[in-house]
2 protein chains.
Amino acid sequence: MESTIVKGVSVLELLVRNRGPVRLSAIAAELKLPKSGVHRLLATLIELGFVRQDEDSGRYSATLKLWEWGQNIIADHPAKRAAAPYMEELHRLTQETINLLVLDGDEVLFLDKILAARPLRFSTQPGSRALAVMTAPGKAMLAHEPDAEEIIERSIATRERAKGLDVKQVLADLEEVRAKGYTSANGSWTVGICSYGAPIMGRNGRAAAAISVTAPTERVDETKDAQIVEALLYTCARIAETVGQL
Amino acid sequence: MESTIVKGVSVLELLVRNRGPVRLSAIAAELKLPKSGVHRLLATLIELGFVRQDEDSGRYSATLKLWEWGQNIIADHPAKRAAAPYMEELHRLTQETINLLVLDGDEVLFLDKILAARPLRFSTQPGSRALAVMTAPGKAMLAHEPDAEEIIERSIATRERAKGLDVKQVLADLEEVRAKGYTSANGSWTVGICSYGAPIMGRNGRAAAAISVTAPTERVDETKDAQIVEALLYTCARIAETVGQL
DNA sequence: AATTATGTTCTATTATATGGAACAATGCGG
DNA sequence: CCGCATTGTTCCATATAATAGAACATAATT
C-alpha cells in the first residue's frame, strides 16, 4: 500500500470537506501528522494545481481542478448521458422535480436533477448521498439486486436514520417494484413530500440507475398520481432502450 | 517533491482523460513506468475508491468519487452561489443561454450555464475551458487585470487559436469594458453566434467572475441588443453586491 | 498447440519519504 | 512596547517504503 498517496489524499479530503481555507497546523493536528510532512504534501499538491495557498493568511484551500476532473468523469457516464433528454421530457409532462440516481453499496448517489418551477424546500444536491432503503428510487434499484435483503438488514442494524424501519415492509416495497415497476413514498423520507421511484434496467437484469419524481403532497391528487406513474414508467423504459445501445 | 503522489495523480489523470476503461499495460506504456509500479498505484487508488477494475476485462476506470468531491468544492464557490438566482432572472428576461465563468491565468473556466429553450448547437460544458482573449466574458475580466497586456501578447504568441488576433483590437475591447461595462462579439468565436460578456466586480477592484449571454445572430435585432445589455449590466451589478457581502 | 500479450506476485536494492529539531515570521496579551 | 505563543518553513540523518526487474500465471490469437 502506497502510504504517501494515502496521506496526500487525506490532506486533500480534509480541504474538500472543510468549507473555506484551513491552517497548516490545523491539518497536522487533525490528521496527527508532523507539520513538516504536511507542509511537504501541501507543496506537491500546490505544484500539481489541486491546492492554493492564500497569500495573506497563509491558509490552504482546494482549487477547482478537482471539480474540472469530476466534470470529465460525469460527462462520460452512460446513464446520465442516456437519461438527460428523457428527464427533460418527464419534467415537461409532470412539472415536478426529477432526480437521477445510481446505487453504490447501500447508498444512492444523486447524479442529476431538474428542479420544478416552484422548487422543494429541501432539494438534494447532485453529488450528495442518501441511504438506499430510505428512498423510493433506492428501493427501486435494490429490488433487482441479488443481495438486497442483506443490504436492508445491515442498513437497519448499523445506520441511525434507518433504525425505525421494518424489514418486512421494505421487502414488500421491493416486491411492488418487481410487480408494478415502481414504488412511491408519502412523507416517509421528508414530511409533506411525496416521491416516486422507478429503475432504469440494464442488460444484466440489474438496475443501471433510477429516476425519481418528487412533489409536495398537497399538489398530488389521484389524477396526478396516475399521470406521474405513467410518465415515469414510460420514461424509464425509453432510457433503458438507449442505455442498452451504448 | 513527493514523486509517489505525482505518479499516482498522473495515473488518475490518464483514467479521467480517457473515455472508458484502460488496460494496465497501456497505462504503463504511456507513462513510461514499469508495470509492477502501475499495478501498485492502481491497487491503492482502488483501495481509496477512486478507481474500479472491471471484473471481466480487467481494465481500469475512474469512479464517481472524484466527481463527488468536486461537487463539494463547487457548492462552496462564492461566485457561483451568489450568481445562481440572478442568472435565472437574467435567463427569464432574455430567454437566451447564460454562462458563468471565472478567469484562471490566460483561460476562462465555465462554471455554470442555463440553456435557452432552443439550445445552441455547440454549447460549452461546465468544467471546460477557453482562451480568455477569444471570448467576450474573458475580455470583460481581463479588462480589470493588472497584467492584461502581458496575457494578451502571450496568448497570441503561443496559442494556435489566437494567432490571427490583433493586440490593439483586443486592448480596445478591454477599454470598451472599462467604459461601458461590457463587450460583445458577433461571430468571432463561433460563426452565427452573438455573445455578450460583463464582469462581476469584486472588492479588490478585479473581476471575481463574468456572465455571458449568447444567442444566434439572426435572433438579435437592435431592440433585443439593447434589452440584453441592460439586463446583463443590471444582473452583474446585483451579483457584485451579493458577493461583496460574503 | 504454440505464441504473444496480458495482469499479478516476489525480492533485493536504493532512493525517498520521514519526523524531530531548529529557525523565522507573525500575531497576541500584559 | 516587549515578551510569549503560535504560526509556517527549512534542514538533515535515519529508516522505511517505493522501485524495477524477473519470474509467474492467465487469457487471447494464430
# chains A, B, ... in the order shown; residues from 1 in each chain; ligands from 1
>>> interface_residues(of="chain D", to="chain B", cutoff="10 Å", atoms="only C-alpha atoms (C1' of nucleotides)", output="short mmCIF file (atom, residue, chain, number, x, y, z; two decimals) with C-alpha atoms (C1' of nucleotides), in the first residue's frame")
data_model
loop_
_atom_site.label_atom_id
_atom_site.label_comp_id
_atom_site.auth_asym_id
_atom_site.auth_seq_id
_atom_site.Cartn_x
_atom_site.Cartn_y
_atom_site.Cartn_z
"C1'" DA D 18 8.79 2.68 -3.13
"C1'" DT D 19 11.39 0.75 -7.00
"C1'" DA D 20 12.27 -2.12 -11.24
"C1'" DG D 21 13.44 -6.30 -12.97
#
>>> select_by_dssp(residues="segment 11-207 of chain B", states="strand (DSSP E)", output="ChimeraX atom specification")
/B:51-53,60-62,97-104,107-114,129-131,183-186,193-201,207
>>> write_last_selection(atoms="N, CA and C atoms", output="mmCIF file, in the first residue's frame")
data_model
loop_
_atom_site.group_PDB
_atom_site.id
_atom_site.type_symbol
_atom_site.label_atom_id
_atom_site.label_comp_id
_atom_site.auth_asym_id
_atom_site.auth_seq_id
_atom_site.Cartn_x
_atom_site.Cartn_y
_atom_site.Cartn_z
ATOM 1 N N VAL B 51 -10.716 4.433 -8.166
ATOM 2 C CA VAL B 51 -10.594 3.625 -9.375
ATOM 3 C C VAL B 51 -11.334 2.310 -9.166
ATOM 4 N N ARG B 52 -11.875 1.801 -10.266
ATOM 5 C CA ARG B 52 -12.537 0.496 -10.228
ATOM 6 C C ARG B 52 -11.954 -0.358 -11.328
ATOM 7 N N GLN B 53 -11.891 -1.660 -11.060
ATOM 8 C CA GLN B 53 -11.393 -2.589 -12.083
ATOM 9 C C GLN B 53 -12.535 -3.433 -12.596
ATOM 10 N N TYR B 60 -9.166 -0.853 -16.141
ATOM 11 C CA TYR B 60 -9.370 0.097 -15.046
ATOM 12 C C TYR B 60 -10.079 1.362 -15.526
ATOM 13 N N SER B 61 -10.898 1.939 -14.642
ATOM 14 C CA SER B 61 -11.538 3.213 -14.970
ATOM 15 C C SER B 61 -11.780 4.005 -13.686
ATOM 16 N N ALA B 62 -12.032 5.298 -13.852
ATOM 17 C CA ALA B 62 -12.258 6.178 -12.707
ATOM 18 C C ALA B 62 -13.693 6.029 -12.193
ATOM 19 N N THR B 97 -29.194 31.738 -23.718
ATOM 20 C CA THR B 97 -28.261 30.935 -22.935
ATOM 21 C C THR B 97 -27.360 31.828 -22.077
ATOM 22 N N ILE B 98 -27.265 31.507 -20.790
ATOM 23 C CA ILE B 98 -26.473 32.288 -19.846
ATOM 24 C C ILE B 98 -25.311 31.427 -19.353
ATOM 25 N N ASN B 99 -24.105 32.032 -19.259
ATOM 26 C CA ASN B 99 -22.941 31.309 -18.744
ATOM 27 C C ASN B 99 -22.286 32.082 -17.611
ATOM 28 N N LEU B 100 -21.758 31.328 -16.652
ATOM 29 C CA LEU B 100 -20.952 31.930 -15.580
ATOM 30 C C LEU B 100 -19.522 31.421 -15.729
ATOM 31 N N LEU B 101 -18.543 32.338 -15.679
ATOM 32 C CA LEU B 101 -17.145 31.949 -15.884
ATOM 33 C C LEU B 101 -16.234 32.644 -14.897
ATOM 34 N N VAL B 102 -15.099 32.042 -14.633
ATOM 35 C CA VAL B 102 -14.043 32.712 -13.870
ATOM 36 C C VAL B 102 -12.770 32.697 -14.707
ATOM 37 N N LEU B 103 -11.869 33.607 -14.337
ATOM 38 C CA LEU B 103 -10.588 33.707 -15.035
ATOM 39 C C LEU B 103 -9.553 32.880 -14.290
ATOM 40 N N ASP B 104 -8.778 32.078 -15.050
ATOM 41 C CA ASP B 104 -7.693 31.304 -14.448
ATOM 42 C C ASP B 104 -6.491 31.408 -15.362
ATOM 43 N N GLU B 107 -6.844 31.644 -19.295
ATOM 44 C CA GLU B 107 -8.037 30.938 -19.748
ATOM 45 C C GLU B 107 -9.267 31.304 -18.914
ATOM 46 N N VAL B 108 -10.435 31.093 -19.502
ATOM 47 C CA VAL B 108 -11.667 31.180 -18.726
ATOM 48 C C VAL B 108 -12.171 29.771 -18.458
ATOM 49 N N LEU B 109 -12.734 29.597 -17.278
ATOM 50 C CA LEU B 109 -13.280 28.302 -16.875
ATOM 51 C C LEU B 109 -14.788 28.455 -16.735
ATOM 52 N N PHE B 110 -15.540 27.614 -17.447
ATOM 53 C CA PHE B 110 -17.006 27.674 -17.400
ATOM 54 C C PHE B 110 -17.509 27.005 -16.126
ATOM 55 N N LEU B 111 -18.178 27.775 -15.287
ATOM 56 C CA LEU B 111 -18.657 27.237 -14.008
ATOM 57 C C LEU B 111 -20.087 26.715 -14.103
ATOM 58 N N ASP B 112 -20.924 27.423 -14.821
ATOM 59 C CA ASP B 112 -22.353 27.097 -14.786
ATOM 60 C C ASP B 112 -23.014 27.623 -16.044
ATOM 61 N N LYS B 113 -24.143 27.047 -16.394
ATOM 62 C CA LYS B 113 -24.881 27.563 -17.538
ATOM 63 C C LYS B 113 -26.373 27.297 -17.392
ATOM 64 N N ILE B 114 -27.127 28.139 -18.048
ATOM 65 C CA ILE B 114 -28.561 27.897 -18.193
ATOM 66 C C ILE B 114 -28.847 27.942 -19.678
ATOM 67 N N ARG B 129 -12.797 24.761 -20.700
ATOM 68 C CA ARG B 129 -12.023 25.997 -20.735
ATOM 69 C C ARG B 129 -11.970 26.587 -22.127
ATOM 70 N N ALA B 130 -11.641 27.867 -22.193
ATOM 71 C CA ALA B 130 -11.401 28.533 -23.466
ATOM 72 C C ALA B 130 -10.389 29.633 -23.222
ATOM 73 N N LEU B 131 -9.725 30.080 -24.301
ATOM 74 C CA LEU B 131 -8.777 31.180 -24.175
ATOM 75 C C LEU B 131 -9.529 32.465 -23.839
ATOM 76 N N THR B 183 -18.684 43.987 -23.150
ATOM 77 C CA THR B 183 -18.238 43.919 -24.538
ATOM 78 C C THR B 183 -19.018 42.817 -25.232
ATOM 79 N N SER B 184 -19.100 42.899 -26.542
ATOM 80 C CA SER B 184 -19.839 41.877 -27.278
ATOM 81 C C SER B 184 -19.045 41.452 -28.499
ATOM 82 N N ALA B 185 -19.338 40.263 -28.972
ATOM 83 C CA ALA B 185 -18.659 39.749 -30.153
ATOM 84 C C ALA B 185 -19.687 39.089 -31.041
ATOM 85 N N ASN B 186 -19.596 39.349 -32.315
ATOM 86 C CA ASN B 186 -20.572 38.795 -33.238
ATOM 87 C C ASN B 186 -19.883 37.851 -34.205
ATOM 88 N N ILE B 193 -23.036 33.029 -33.955
ATOM 89 C CA ILE B 193 -23.356 33.192 -32.545
ATOM 90 C C ILE B 193 -22.896 34.571 -32.087
ATOM 91 N N CYS B 194 -23.801 35.264 -31.428
ATOM 92 C CA CYS B 194 -23.502 36.585 -30.913
ATOM 93 C C CYS B 194 -23.398 36.476 -29.389
ATOM 94 N N SER B 195 -22.326 37.005 -28.794
ATOM 95 C CA SER B 195 -22.188 36.817 -27.351
ATOM 96 C C SER B 195 -21.796 38.109 -26.638
ATOM 97 N N TYR B 196 -22.346 38.302 -25.449
ATOM 98 C CA TYR B 196 -22.126 39.478 -24.619
ATOM 99 C C TYR B 196 -21.452 39.033 -23.324
ATOM 100 N N GLY B 197 -20.489 39.816 -22.849
ATOM 101 C CA GLY B 197 -19.824 39.479 -21.587
ATOM 102 C C GLY B 197 -19.667 40.694 -20.709
ATOM 103 N N ALA B 198 -19.909 40.511 -19.413
ATOM 104 C CA ALA B 198 -19.718 41.600 -18.450
ATOM 105 C C ALA B 198 -19.145 41.027 -17.164
ATOM 106 N N PRO B 199 -18.291 41.815 -16.483
ATOM 107 C CA PRO B 199 -17.647 41.320 -15.265
ATOM 108 C C PRO B 199 -18.530 41.481 -14.029
ATOM 109 N N ILE B 200 -18.322 40.562 -13.078
ATOM 110 C CA ILE B 200 -18.871 40.730 -11.732
ATOM 111 C C ILE B 200 -17.715 41.229 -10.873
ATOM 112 N N MET B 201 -17.774 42.488 -10.494
ATOM 113 C CA MET B 201 -16.630 43.095 -9.817
ATOM 114 C C MET B 201 -16.543 42.687 -8.344
ATOM 115 N N ALA B 207 -12.120 41.483 -11.330
ATOM 116 C CA ALA B 207 -13.348 40.737 -11.604
ATOM 117 C C ALA B 207 -13.335 39.408 -10.861
#
>>> closest_residue(among="C:DT11, C:DT6, C:DA1, C:DT26", to="chain A", atoms="only C-alpha atoms (C1' of nucleotides)")
C:DT26
>>> atom_distance(atom1="atom CA of Arg206 of chain A", atom2="atom CA of Thr158 of chain A")
25.1 Å
>>> residues_around(residues="Leu115 of chain A", least_positions_apart="4", cutoff="10 Å", atoms="only C-alpha atoms (C1' of nucleotides)", output="ChimeraX atom specification")
/A:91,95-99,119-120,123,214
>>> select_by_dssp(residues="segment 38-207 of chain A", states="alpha helix (DSSP H)", output="mmCIF file with N, CA and C atoms, in the first residue's frame")
data_model
loop_
_atom_site.group_PDB
_atom_site.id
_atom_site.type_symbol
_atom_site.label_atom_id
_atom_site.label_comp_id
_atom_site.auth_asym_id
_atom_site.auth_seq_id
_atom_site.Cartn_x
_atom_site.Cartn_y
_atom_site.Cartn_z
ATOM 1 N N VAL A 38 3.208 17.451 6.486
ATOM 2 C CA VAL A 38 2.042 18.092 5.884
ATOM 3 C C VAL A 38 2.472 19.216 4.952
ATOM 4 N N HIS A 39 3.472 19.940 5.390
ATOM 5 C CA HIS A 39 3.981 21.033 4.554
ATOM 6 C C HIS A 39 4.486 20.523 3.213
ATOM 7 N N ARG A 40 5.201 19.407 3.250
ATOM 8 C CA ARG A 40 5.706 18.820 2.013
ATOM 9 C C ARG A 40 4.565 18.342 1.132
ATOM 10 N N LEU A 41 3.580 17.679 1.757
ATOM 11 C CA LEU A 41 2.434 17.197 0.990
ATOM 12 C C LEU A 41 1.703 18.356 0.321
ATOM 13 N N LEU A 42 1.480 19.430 1.076
ATOM 14 C CA LEU A 42 0.781 20.592 0.523
ATOM 15 C C LEU A 42 1.570 21.211 -0.630
ATOM 16 N N ALA A 43 2.903 21.219 -0.485
ATOM 17 C CA ALA A 43 3.739 21.786 -1.550
ATOM 18 C C ALA A 43 3.537 21.022 -2.854
ATOM 19 N N THR A 44 3.502 19.690 -2.771
ATOM 20 C CA THR A 44 3.314 18.933 -4.014
ATOM 21 C C THR A 44 1.895 19.100 -4.543
ATOM 22 N N LEU A 45 0.910 19.161 -3.657
ATOM 23 C CA LEU A 45 -0.472 19.360 -4.115
ATOM 24 C C LEU A 45 -0.629 20.723 -4.782
ATOM 25 N N ILE A 46 0.090 21.718 -4.282
ATOM 26 C CA ILE A 46 0.066 23.040 -4.915
ATOM 27 C C ILE A 46 0.703 22.968 -6.293
ATOM 28 N N GLU A 47 1.861 22.290 -6.356
ATOM 29 C CA GLU A 47 2.553 22.162 -7.628
ATOM 30 C C GLU A 47 1.689 21.446 -8.658
ATOM 31 N N LEU A 48 0.881 20.499 -8.206
ATOM 32 C CA LEU A 48 0.005 19.765 -9.110
ATOM 33 C C LEU A 48 -1.267 20.552 -9.431
ATOM 34 N N LYS A 65 -9.648 22.499 -9.686
ATOM 35 C CA LYS A 65 -9.118 21.490 -10.602
ATOM 36 C C LYS A 65 -9.806 20.127 -10.409
ATOM 37 N N LEU A 66 -10.015 19.766 -9.159
ATOM 38 C CA LEU A 66 -10.692 18.505 -8.877
ATOM 39 C C LEU A 66 -12.094 18.510 -9.478
ATOM 40 N N TRP A 67 -12.770 19.660 -9.388
ATOM 41 C CA TRP A 67 -14.105 19.772 -9.963
ATOM 42 C C TRP A 67 -14.067 19.584 -11.478
ATOM 43 N N GLU A 68 -13.055 20.169 -12.124
ATOM 44 C CA GLU A 68 -12.908 20.013 -13.570
ATOM 45 C C GLU A 68 -12.763 18.541 -13.941
ATOM 46 N N TRP A 69 -11.906 17.843 -13.211
ATOM 47 C CA TRP A 69 -11.723 16.413 -13.486
ATOM 48 C C TRP A 69 -13.042 15.666 -13.296
ATOM 49 N N GLY A 70 -13.742 16.013 -12.233
ATOM 50 C CA GLY A 70 -15.019 15.361 -11.962
ATOM 51 C C GLY A 70 -16.014 15.573 -13.085
ATOM 52 N N GLN A 71 -16.019 16.769 -13.661
ATOM 53 C CA GLN A 71 -16.939 17.043 -14.764
ATOM 54 C C GLN A 71 -16.632 16.145 -15.948
ATOM 55 N N ASN A 72 -15.344 15.868 -16.185
ATOM 56 C CA ASN A 72 -14.973 14.941 -17.254
ATOM 57 C C ASN A 72 -15.550 13.559 -17.014
ATOM 58 N N ILE A 73 -15.461 13.109 -15.755
ATOM 59 C CA ILE A 73 -15.942 11.769 -15.440
ATOM 60 C C ILE A 73 -17.442 11.675 -15.633
ATOM 61 N N ILE A 74 -18.176 12.650 -15.098
ATOM 62 C CA ILE A 74 -19.636 12.572 -15.159
ATOM 63 C C ILE A 74 -20.139 12.750 -16.586
ATOM 64 N N ALA A 75 -19.392 13.510 -17.390
ATOM 65 C CA ALA A 75 -19.819 13.733 -18.774
ATOM 66 C C ALA A 75 -19.844 12.425 -19.554
ATOM 67 N N PRO A 78 -22.590 6.762 -18.757
ATOM 68 C CA PRO A 78 -23.592 6.309 -19.728
ATOM 69 C C PRO A 78 -25.026 6.594 -19.285
ATOM 70 N N ALA A 79 -25.342 6.323 -18.016
ATOM 71 C CA ALA A 79 -26.720 6.521 -17.558
ATOM 72 C C ALA A 79 -27.102 7.997 -17.643
ATOM 73 N N LYS A 80 -26.195 8.862 -17.245
ATOM 74 C CA LYS A 80 -26.516 10.292 -17.267
ATOM 75 C C LYS A 80 -26.730 10.788 -18.694
ATOM 76 N N ARG A 81 -25.837 10.370 -19.593
ATOM 77 C CA ARG A 81 -25.970 10.801 -20.982
ATOM 78 C C ARG A 81 -27.265 10.308 -21.591
ATOM 79 N N ALA A 82 -27.589 9.048 -21.294
ATOM 80 C CA ALA A 82 -28.789 8.476 -21.886
ATOM 81 C C ALA A 82 -30.042 9.124 -21.307
ATOM 82 N N ALA A 83 -29.989 9.466 -20.019
ATOM 83 C CA ALA A 83 -31.207 9.910 -19.332
ATOM 84 C C ALA A 83 -31.555 11.370 -19.605
ATOM 85 N N ALA A 84 -30.534 12.224 -19.798
ATOM 86 C CA ALA A 84 -30.765 13.670 -19.822
ATOM 87 C C ALA A 84 -31.975 14.120 -20.661
ATOM 88 N N PRO A 85 -32.035 13.761 -21.935
ATOM 89 C CA PRO A 85 -33.162 14.269 -22.732
ATOM 90 C C PRO A 85 -34.519 13.775 -22.232
ATOM 91 N N TYR A 86 -34.553 12.523 -21.755
ATOM 92 C CA TYR A 86 -35.830 11.975 -21.293
ATOM 93 C C TYR A 86 -36.262 12.579 -19.963
ATOM 94 N N MET A 87 -35.264 12.970 -19.165
ATOM 95 C CA MET A 87 -35.605 13.658 -17.915
ATOM 96 C C MET A 87 -36.289 14.984 -18.211
ATOM 97 N N GLU A 88 -35.797 15.673 -19.221
ATOM 98 C CA GLU A 88 -36.437 16.932 -19.635
ATOM 99 C C GLU A 88 -37.898 16.684 -20.014
ATOM 100 N N GLU A 89 -38.094 15.622 -20.798
ATOM 101 C CA GLU A 89 -39.446 15.279 -21.242
ATOM 102 C C GLU A 89 -40.340 14.983 -20.038
ATOM 103 N N LEU A 90 -39.800 14.197 -19.103
ATOM 104 C CA LEU A 90 -40.570 13.838 -17.911
ATOM 105 C C LEU A 90 -40.912 15.081 -17.096
ATOM 106 N N HIS A 91 -39.985 16.022 -17.080
ATOM 107 C CA HIS A 91 -40.220 17.262 -16.348
ATOM 108 C C HIS A 91 -41.344 18.066 -17.001
ATOM 109 N N ARG A 92 -41.351 18.102 -18.327
ATOM 110 C CA ARG A 92 -42.411 18.835 -19.035
ATOM 111 C C ARG A 92 -43.771 18.191 -18.768
ATOM 112 N N LEU A 93 -43.789 16.861 -18.745
ATOM 113 C CA LEU A 93 -45.058 16.153 -18.558
ATOM 114 C C LEU A 93 -45.610 16.343 -17.152
ATOM 115 N N THR A 94 -44.722 16.311 -16.143
ATOM 116 C CA THR A 94 -45.200 16.326 -14.756
ATOM 117 C C THR A 94 -45.100 17.695 -14.096
ATOM 118 N N ALA A 136 -37.505 6.043 -2.304
ATOM 119 C CA ALA A 136 -38.244 5.273 -3.304
ATOM 120 C C ALA A 136 -37.328 4.804 -4.438
ATOM 121 N N PRO A 137 -36.529 5.690 -5.037
ATOM 122 C CA PRO A 137 -35.652 5.215 -6.117
ATOM 123 C C PRO A 137 -34.604 4.221 -5.625
ATOM 124 N N GLY A 138 -34.146 4.374 -4.377
ATOM 125 C CA GLY A 138 -33.208 3.409 -3.815
ATOM 126 C C GLY A 138 -33.822 2.020 -3.766
ATOM 127 N N LYS A 139 -35.065 1.937 -3.304
ATOM 128 C CA LYS A 139 -35.739 0.639 -3.253
ATOM 129 C C LYS A 139 -36.007 0.100 -4.649
ATOM 130 N N ALA A 140 -36.246 1.020 -5.590
ATOM 131 C CA ALA A 140 -36.472 0.605 -6.978
ATOM 132 C C ALA A 140 -35.262 -0.145 -7.520
ATOM 133 N N MET A 141 -34.064 0.313 -7.121
ATOM 134 C CA MET A 141 -32.852 -0.361 -7.604
ATOM 135 C C MET A 141 -32.556 -1.618 -6.793
ATOM 136 N N LEU A 142 -32.746 -1.541 -5.468
ATOM 137 C CA LEU A 142 -32.496 -2.708 -4.611
ATOM 138 C C LEU A 142 -33.353 -3.904 -5.033
ATOM 139 N N ALA A 148 -30.070 -7.930 -1.891
ATOM 140 C CA ALA A 148 -30.854 -6.819 -1.352
ATOM 141 C C ALA A 148 -31.170 -7.026 0.128
ATOM 142 N N GLU A 149 -31.590 -8.239 0.476
ATOM 143 C CA GLU A 149 -32.019 -8.496 1.852
ATOM 144 C C GLU A 149 -30.885 -8.220 2.836
ATOM 145 N N GLU A 150 -29.689 -8.639 2.449
ATOM 146 C CA GLU A 150 -28.517 -8.409 3.286
ATOM 147 C C GLU A 150 -28.279 -6.914 3.501
ATOM 148 N N ILE A 151 -28.403 -6.159 2.407
ATOM 149 C CA ILE A 151 -28.207 -4.706 2.477
ATOM 150 C C ILE A 151 -29.244 -4.064 3.395
ATOM 151 N N ILE A 152 -30.485 -4.485 3.262
ATOM 152 C CA ILE A 152 -31.558 -3.911 4.081
ATOM 153 C C ILE A 152 -31.282 -4.157 5.563
ATOM 154 N N GLU A 153 -30.950 -5.417 5.883
ATOM 155 C CA GLU A 153 -30.709 -5.744 7.296
ATOM 156 C C GLU A 153 -29.517 -4.976 7.854
ATOM 157 N N ARG A 154 -28.463 -4.881 7.068
ATOM 158 C CA ARG A 154 -27.289 -4.151 7.544
ATOM 159 C C ARG A 154 -27.610 -2.679 7.750
ATOM 160 N N SER A 155 -28.370 -2.100 6.818
ATOM 161 C CA SER A 155 -28.722 -0.686 6.944
ATOM 162 C C SER A 155 -29.492 -0.431 8.230
ATOM 163 N N ILE A 156 -30.496 -1.250 8.476
ATOM 164 C CA ILE A 156 -31.332 -1.043 9.665
ATOM 165 C C ILE A 156 -30.521 -1.259 10.944
ATOM 166 N N ALA A 157 -29.587 -2.203 10.881
ATOM 167 C CA ALA A 157 -28.809 -2.519 12.081
ATOM 168 C C ALA A 157 -27.774 -1.443 12.386
ATOM 169 N N THR A 158 -27.148 -0.905 11.354
ATOM 170 C CA THR A 158 -25.988 -0.039 11.604
ATOM 171 C C THR A 158 -26.251 1.453 11.396
ATOM 172 N N VAL A 167 -38.092 -4.589 8.251
ATOM 173 C CA VAL A 167 -37.540 -5.354 7.124
ATOM 174 C C VAL A 167 -38.649 -5.842 6.206
ATOM 175 N N LYS A 168 -39.712 -6.390 6.819
ATOM 176 C CA LYS A 168 -40.809 -6.946 6.008
ATOM 177 C C LYS A 168 -41.433 -5.893 5.108
ATOM 178 N N GLN A 169 -41.626 -4.687 5.679
ATOM 179 C CA GLN A 169 -42.252 -3.611 4.906
ATOM 180 C C GLN A 169 -41.390 -3.230 3.708
ATOM 181 N N VAL A 170 -40.086 -3.126 3.945
ATOM 182 C CA VAL A 170 -39.176 -2.766 2.849
ATOM 183 C C VAL A 170 -39.200 -3.852 1.778
ATOM 184 N N LEU A 171 -39.153 -5.110 2.212
ATOM 185 C CA LEU A 171 -39.195 -6.210 1.245
ATOM 186 C C LEU A 171 -40.489 -6.173 0.437
ATOM 187 N N ALA A 172 -41.581 -5.765 1.086
ATOM 188 C CA ALA A 172 -42.860 -5.650 0.374
ATOM 189 C C ALA A 172 -42.766 -4.560 -0.695
ATOM 190 N N ASP A 173 -42.073 -3.467 -0.355
ATOM 191 C CA ASP A 173 -41.892 -2.394 -1.336
ATOM 192 C C ASP A 173 -41.102 -2.889 -2.544
ATOM 193 N N LEU A 174 -40.057 -3.692 -2.277
ATOM 194 C CA LEU A 174 -39.265 -4.238 -3.385
ATOM 195 C C LEU A 174 -40.145 -5.125 -4.274
ATOM 196 N N GLU A 175 -41.012 -5.878 -3.624
ATOM 197 C CA GLU A 175 -41.917 -6.751 -4.384
ATOM 198 C C GLU A 175 -42.840 -5.901 -5.273
ATOM 199 N N GLU A 176 -43.280 -4.763 -4.723
ATOM 200 C CA GLU A 176 -44.123 -3.845 -5.500
ATOM 201 C C GLU A 176 -43.379 -3.368 -6.750
ATOM 202 N N VAL A 177 -42.079 -3.067 -6.571
ATOM 203 C CA VAL A 177 -41.269 -2.614 -7.712
ATOM 204 C C VAL A 177 -41.232 -3.690 -8.783
ATOM 205 N N ARG A 178 -40.985 -4.930 -8.347
ATOM 206 C CA ARG A 178 -40.877 -6.018 -9.325
ATOM 207 C C ARG A 178 -42.216 -6.280 -10.019
ATOM 208 N N ALA A 179 -43.326 -6.074 -9.274
ATOM 209 C CA ALA A 179 -44.645 -6.328 -9.842
ATOM 210 C C ALA A 179 -45.112 -5.167 -10.712
ATOM 211 N N LYS A 180 -45.062 -3.946 -10.158
ATOM 212 C CA LYS A 180 -45.654 -2.803 -10.866
ATOM 213 C C LYS A 180 -44.627 -1.929 -11.579
#
>>> atom_distance(atom1="atom CA of Asp147 of chain A", atom2="atom CA of Asp54 of chain B")
19.6 Å
>>> interface_residues(of="chain B", to="chain C", cutoff="8 Å", atoms="only C-alpha atoms (C1' of nucleotides)", output="list in words")
Glu2, Leu24, Ser25 and Gly58 of chain B
>>> closest_residue(among="B:Ala28, B:Leu64, B:Ala237, B:Leu14", to="chain A", atoms="only C-alpha atoms")
B:Leu64
>>> closest_residue(among="A:Asp76, A:Glu222, A:Asp106, A:Glu230", to="chain B", atoms="only C-alpha atoms")
A:Asp76
>>> closest_residue(among="A:Arg118, A:Arg59, A:His144, A:His77", to="chain B", atoms="only C-alpha atoms")
A:His77
>>> atom_distance(atom1="atom CA of Leu15 of chain B", atom2="atom CA of Ser57 of chain B")
15.6 Å
